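Okay, protein06.txt is below, compact mmCIF, N, CA and C atoms:
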# COMPACT_ATOMS: atom_id res chain seq x y z
N MET J 1 0.84 -1.16 0.00
CA MET J 1 0.00 0.00 0.00
C MET J 1 0.89 1.24 0.00
N ILE J 2 0.61 2.14 -0.90
CA ILE J 2 1.40 3.36 -1.01
C ILE J 2 0.72 4.45 -0.21
N LYS J 3 1.45 5.05 0.71
CA LYS J 3 0.88 6.11 1.54
C LYS J 3 1.49 7.45 1.16
N ASN J 4 0.70 8.49 1.39
CA ASN J 4 1.14 9.87 1.22
C ASN J 4 1.63 10.19 -0.18
N THR J 5 1.05 9.58 -1.18
CA THR J 5 1.39 9.95 -2.54
C THR J 5 0.28 10.84 -3.06
N LEU J 6 0.63 12.06 -3.35
CA LEU J 6 -0.34 13.02 -3.85
C LEU J 6 -0.15 13.21 -5.34
N ILE J 7 -1.19 13.60 -5.98
CA ILE J 7 -1.14 13.85 -7.41
C ILE J 7 -0.97 15.35 -7.59
N PRO J 8 0.22 15.81 -8.00
CA PRO J 8 0.45 17.26 -8.10
C PRO J 8 -0.02 17.81 -9.44
N VAL J 9 -1.31 17.94 -9.63
CA VAL J 9 -1.82 18.44 -10.90
C VAL J 9 -2.42 19.83 -10.78
N ILE J 10 -2.73 20.27 -9.58
CA ILE J 10 -3.35 21.58 -9.41
C ILE J 10 -2.25 22.59 -9.14
N SER J 11 -2.28 23.70 -9.87
CA SER J 11 -1.25 24.71 -9.69
C SER J 11 -1.40 25.39 -8.33
N LYS J 12 -0.39 26.16 -7.94
CA LYS J 12 -0.36 26.73 -6.59
C LYS J 12 -1.48 27.72 -6.35
N GLU J 13 -1.89 28.48 -7.37
CA GLU J 13 -2.96 29.45 -7.15
C GLU J 13 -4.32 28.78 -7.05
N GLU J 14 -4.44 27.53 -7.47
CA GLU J 14 -5.71 26.81 -7.38
C GLU J 14 -5.79 25.93 -6.13
N LYS J 15 -4.81 25.99 -5.25
CA LYS J 15 -4.78 25.09 -4.09
C LYS J 15 -5.64 25.59 -2.94
N LYS J 16 -6.74 26.18 -3.23
CA LYS J 16 -7.67 26.55 -2.18
C LYS J 16 -8.41 25.29 -1.78
N ARG J 17 -8.38 24.98 -0.52
CA ARG J 17 -8.94 23.70 -0.06
C ARG J 17 -10.44 23.59 -0.27
N GLY J 18 -11.10 24.71 -0.44
CA GLY J 18 -12.54 24.67 -0.66
C GLY J 18 -12.92 24.55 -2.11
N SER J 19 -11.96 24.66 -3.02
CA SER J 19 -12.29 24.61 -4.44
C SER J 19 -12.71 23.20 -4.82
N VAL J 20 -13.53 23.13 -5.82
CA VAL J 20 -14.04 21.83 -6.27
C VAL J 20 -12.90 20.97 -6.79
N GLU J 21 -11.96 21.59 -7.51
CA GLU J 21 -10.85 20.83 -8.07
C GLU J 21 -10.01 20.18 -6.97
N PHE J 22 -9.74 20.94 -5.90
CA PHE J 22 -8.95 20.38 -4.80
C PHE J 22 -9.69 19.27 -4.09
N GLN J 23 -11.00 19.43 -3.91
CA GLN J 23 -11.78 18.38 -3.25
C GLN J 23 -11.80 17.11 -4.08
N VAL J 24 -11.95 17.25 -5.40
CA VAL J 24 -11.93 16.07 -6.27
C VAL J 24 -10.56 15.41 -6.20
N LEU J 25 -9.50 16.21 -6.16
CA LEU J 25 -8.15 15.67 -6.05
C LEU J 25 -7.97 14.89 -4.76
N SER J 26 -8.43 15.44 -3.65
CA SER J 26 -8.27 14.74 -2.37
C SER J 26 -9.13 13.47 -2.32
N PHE J 27 -10.34 13.52 -2.88
CA PHE J 27 -11.16 12.31 -2.94
C PHE J 27 -10.50 11.25 -3.81
N THR J 28 -9.87 11.67 -4.91
CA THR J 28 -9.20 10.71 -5.80
C THR J 28 -8.03 10.05 -5.08
N ASN J 29 -7.29 10.82 -4.30
CA ASN J 29 -6.20 10.23 -3.51
C ASN J 29 -6.73 9.22 -2.51
N LYS J 30 -7.83 9.56 -1.83
CA LYS J 30 -8.42 8.63 -0.86
C LYS J 30 -8.92 7.37 -1.56
N ILE J 31 -9.52 7.53 -2.73
CA ILE J 31 -10.05 6.38 -3.47
C ILE J 31 -8.93 5.45 -3.88
N ARG J 32 -7.83 6.00 -4.36
CA ARG J 32 -6.71 5.16 -4.77
C ARG J 32 -6.08 4.45 -3.58
N ARG J 33 -6.01 5.15 -2.44
CA ARG J 33 -5.45 4.53 -1.24
C ARG J 33 -6.35 3.41 -0.74
N LEU J 34 -7.67 3.64 -0.74
CA LEU J 34 -8.60 2.60 -0.29
C LEU J 34 -8.62 1.42 -1.26
N THR J 35 -8.49 1.69 -2.55
CA THR J 35 -8.49 0.61 -3.53
C THR J 35 -7.29 -0.30 -3.33
N SER J 36 -6.12 0.30 -3.09
CA SER J 36 -4.95 -0.55 -2.85
C SER J 36 -5.09 -1.31 -1.53
N HIS J 37 -5.75 -0.71 -0.54
CA HIS J 37 -6.00 -1.40 0.73
C HIS J 37 -6.94 -2.59 0.51
N LEU J 38 -7.96 -2.39 -0.30
CA LEU J 38 -8.95 -3.45 -0.51
C LEU J 38 -8.41 -4.59 -1.37
N GLU J 39 -7.36 -4.34 -2.14
CA GLU J 39 -6.73 -5.44 -2.87
C GLU J 39 -6.10 -6.44 -1.92
N LEU J 40 -5.60 -5.94 -0.79
CA LEU J 40 -5.01 -6.83 0.21
C LEU J 40 -6.05 -7.43 1.15
N HIS J 41 -7.05 -6.63 1.51
CA HIS J 41 -8.06 -7.04 2.49
C HIS J 41 -9.43 -7.06 1.81
N LYS J 42 -9.71 -8.15 1.13
CA LYS J 42 -10.92 -8.25 0.32
C LYS J 42 -12.22 -8.24 1.13
N LYS J 43 -12.16 -8.67 2.37
CA LYS J 43 -13.39 -8.77 3.17
C LYS J 43 -13.56 -7.61 4.15
N ASP J 44 -12.89 -6.53 3.92
CA ASP J 44 -13.01 -5.35 4.78
C ASP J 44 -14.23 -4.55 4.29
N TYR J 45 -15.38 -4.91 4.80
CA TYR J 45 -16.63 -4.35 4.29
C TYR J 45 -16.83 -2.90 4.72
N LEU J 46 -16.29 -2.51 5.85
CA LEU J 46 -16.42 -1.12 6.26
C LEU J 46 -15.63 -0.19 5.34
N SER J 47 -14.47 -0.65 4.91
CA SER J 47 -13.69 0.15 3.96
C SER J 47 -14.38 0.20 2.60
N GLN J 48 -15.05 -0.90 2.23
CA GLN J 48 -15.80 -0.89 0.97
C GLN J 48 -16.93 0.13 1.02
N ARG J 49 -17.59 0.20 2.16
CA ARG J 49 -18.68 1.17 2.32
C ARG J 49 -18.13 2.59 2.25
N GLY J 50 -17.01 2.82 2.91
CA GLY J 50 -16.39 4.14 2.87
C GLY J 50 -15.97 4.52 1.46
N LEU J 51 -15.47 3.54 0.72
CA LEU J 51 -15.07 3.79 -0.67
C LEU J 51 -16.27 4.18 -1.51
N ARG J 52 -17.39 3.48 -1.33
CA ARG J 52 -18.59 3.81 -2.09
C ARG J 52 -19.11 5.21 -1.75
N LYS J 53 -19.01 5.60 -0.48
CA LYS J 53 -19.45 6.93 -0.08
C LYS J 53 -18.57 8.01 -0.71
N ILE J 54 -17.26 7.80 -0.71
CA ILE J 54 -16.34 8.77 -1.30
C ILE J 54 -16.54 8.84 -2.81
N LEU J 55 -16.79 7.69 -3.44
CA LEU J 55 -17.05 7.69 -4.88
C LEU J 55 -18.30 8.52 -5.21
N GLY J 56 -19.33 8.40 -4.38
CA GLY J 56 -20.55 9.17 -4.60
C GLY J 56 -20.32 10.66 -4.42
N LYS J 57 -19.52 11.02 -3.42
CA LYS J 57 -19.22 12.44 -3.21
C LYS J 57 -18.43 13.01 -4.38
N ARG J 58 -17.44 12.24 -4.84
CA ARG J 58 -16.63 12.72 -5.98
C ARG J 58 -17.49 12.83 -7.23
N GLN J 59 -18.39 11.88 -7.42
CA GLN J 59 -19.26 11.93 -8.59
C GLN J 59 -20.15 13.16 -8.54
N GLY J 60 -20.65 13.50 -7.37
CA GLY J 60 -21.48 14.69 -7.24
C GLY J 60 -20.71 15.96 -7.54
N LEU J 61 -19.47 16.03 -7.03
CA LEU J 61 -18.64 17.20 -7.30
C LEU J 61 -18.29 17.31 -8.78
N LEU J 62 -18.00 16.17 -9.42
CA LEU J 62 -17.69 16.20 -10.84
C LEU J 62 -18.91 16.60 -11.67
N CYS J 63 -20.07 16.17 -11.25
CA CYS J 63 -21.30 16.56 -11.94
C CYS J 63 -21.51 18.06 -11.81
N TYR J 64 -21.28 18.59 -10.62
CA TYR J 64 -21.41 20.03 -10.40
C TYR J 64 -20.41 20.80 -11.26
N LEU J 65 -19.17 20.33 -11.30
CA LEU J 65 -18.13 21.01 -12.07
C LEU J 65 -18.43 20.95 -13.56
N SER J 66 -18.97 19.84 -14.03
CA SER J 66 -19.27 19.73 -15.46
C SER J 66 -20.38 20.68 -15.87
N LYS J 67 -21.30 20.98 -14.95
CA LYS J 67 -22.36 21.92 -15.26
C LYS J 67 -21.87 23.37 -15.21
N LYS J 68 -20.97 23.67 -14.26
CA LYS J 68 -20.51 25.04 -14.07
C LYS J 68 -19.41 25.43 -15.05
N ASN J 69 -18.42 24.55 -15.22
CA ASN J 69 -17.28 24.89 -16.07
C ASN J 69 -16.80 23.63 -16.78
N ARG J 70 -17.27 23.45 -17.99
CA ARG J 70 -16.99 22.23 -18.74
C ARG J 70 -15.50 22.10 -19.09
N ILE J 71 -14.83 23.22 -19.32
CA ILE J 71 -13.42 23.19 -19.71
C ILE J 71 -12.56 22.69 -18.55
N HIS J 72 -12.78 23.23 -17.35
CA HIS J 72 -12.03 22.77 -16.17
C HIS J 72 -12.33 21.30 -15.88
N TYR J 73 -13.56 20.91 -16.10
CA TYR J 73 -13.96 19.52 -15.89
C TYR J 73 -13.17 18.58 -16.80
N LYS J 74 -13.11 18.92 -18.08
CA LYS J 74 -12.38 18.06 -19.03
C LYS J 74 -10.89 17.99 -18.70
N GLU J 75 -10.30 19.14 -18.32
CA GLU J 75 -8.89 19.16 -17.96
C GLU J 75 -8.62 18.31 -16.72
N LEU J 76 -9.49 18.43 -15.73
CA LEU J 76 -9.31 17.69 -14.48
C LEU J 76 -9.45 16.18 -14.71
N ILE J 77 -10.41 15.80 -15.51
CA ILE J 77 -10.60 14.38 -15.84
C ILE J 77 -9.35 13.82 -16.53
N LYS J 78 -8.80 14.60 -17.45
CA LYS J 78 -7.62 14.15 -18.18
C LYS J 78 -6.40 14.07 -17.26
N GLN J 79 -6.22 15.05 -16.38
CA GLN J 79 -5.06 15.07 -15.50
C GLN J 79 -5.11 13.97 -14.45
N LEU J 80 -6.29 13.70 -13.92
CA LEU J 80 -6.41 12.68 -12.88
C LEU J 80 -6.52 11.28 -13.46
N ASP J 81 -6.69 11.18 -14.75
CA ASP J 81 -6.80 9.89 -15.44
C ASP J 81 -7.96 9.06 -14.88
N ILE J 82 -9.14 9.70 -14.83
CA ILE J 82 -10.35 9.00 -14.42
C ILE J 82 -11.37 9.10 -15.54
N ARG J 83 -12.33 8.20 -15.51
CA ARG J 83 -13.34 8.16 -16.55
C ARG J 83 -14.33 9.28 -16.38
N GLU J 84 -14.89 9.70 -17.49
CA GLU J 84 -15.93 10.72 -17.45
C GLU J 84 -17.21 10.09 -16.93
N SER J 85 -17.84 10.78 -15.99
CA SER J 85 -19.04 10.23 -15.39
C SER J 85 -20.22 10.39 -16.33
N LYS J 86 -21.18 9.50 -16.19
CA LYS J 86 -22.39 9.60 -16.99
C LYS J 86 -23.23 10.73 -16.44
N THR J 87 -23.83 11.51 -17.33
CA THR J 87 -24.67 12.61 -16.88
C THR J 87 -25.97 12.08 -16.34
N ARG J 88 -26.47 12.73 -15.32
CA ARG J 88 -27.71 12.28 -14.68
C ARG J 88 -28.90 12.84 -15.39

Could you render the structure from this file as structure tokens?
Amino acid sequence: MIKNTLIPVISKEEKKRGSVEFQVLSFTNKIRRLTSHLELHKKDYLSQRGLRKILGKRQGLLCYLSKKNRIHYKELIKQLDIRESKTR
């Protein structure tokens, strides 16, 4: 399991912790950390539940970002190397 590996894709002026981009980045880091944890501990159901909750939160933020600023959304998806979510 890799700990404390951050994805440095957001520039310094965008590192406001309340920004949608930063929140998506932190959720993505948590998701990757939990995924590597669950590869070792397949029956850790509480971690699976936490992963599903974080995935839902990230999906909601990405949906919000795609409605507000489509260009930033596309750039963020490409930089984080995650799939584009289906529109609701």

* Residues of chain J in helix (DSSP H, G or I) according to DSSP, as a ChimeraX atom specification? -> /J:12-14,20-40,45-68,70-80

* stretch 66-82 of chain J environment, 8 Å, only N, CA and C atoms, sequence neighbours closer than 2 positions dropped, as a PyMOL selection string -> chain J and resi 7+9+21+25+28+60-64+84-85

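Between atom N of J:Lys42 and atom C of J:Phe22 the interatomic distance comes to 27.9 Å.
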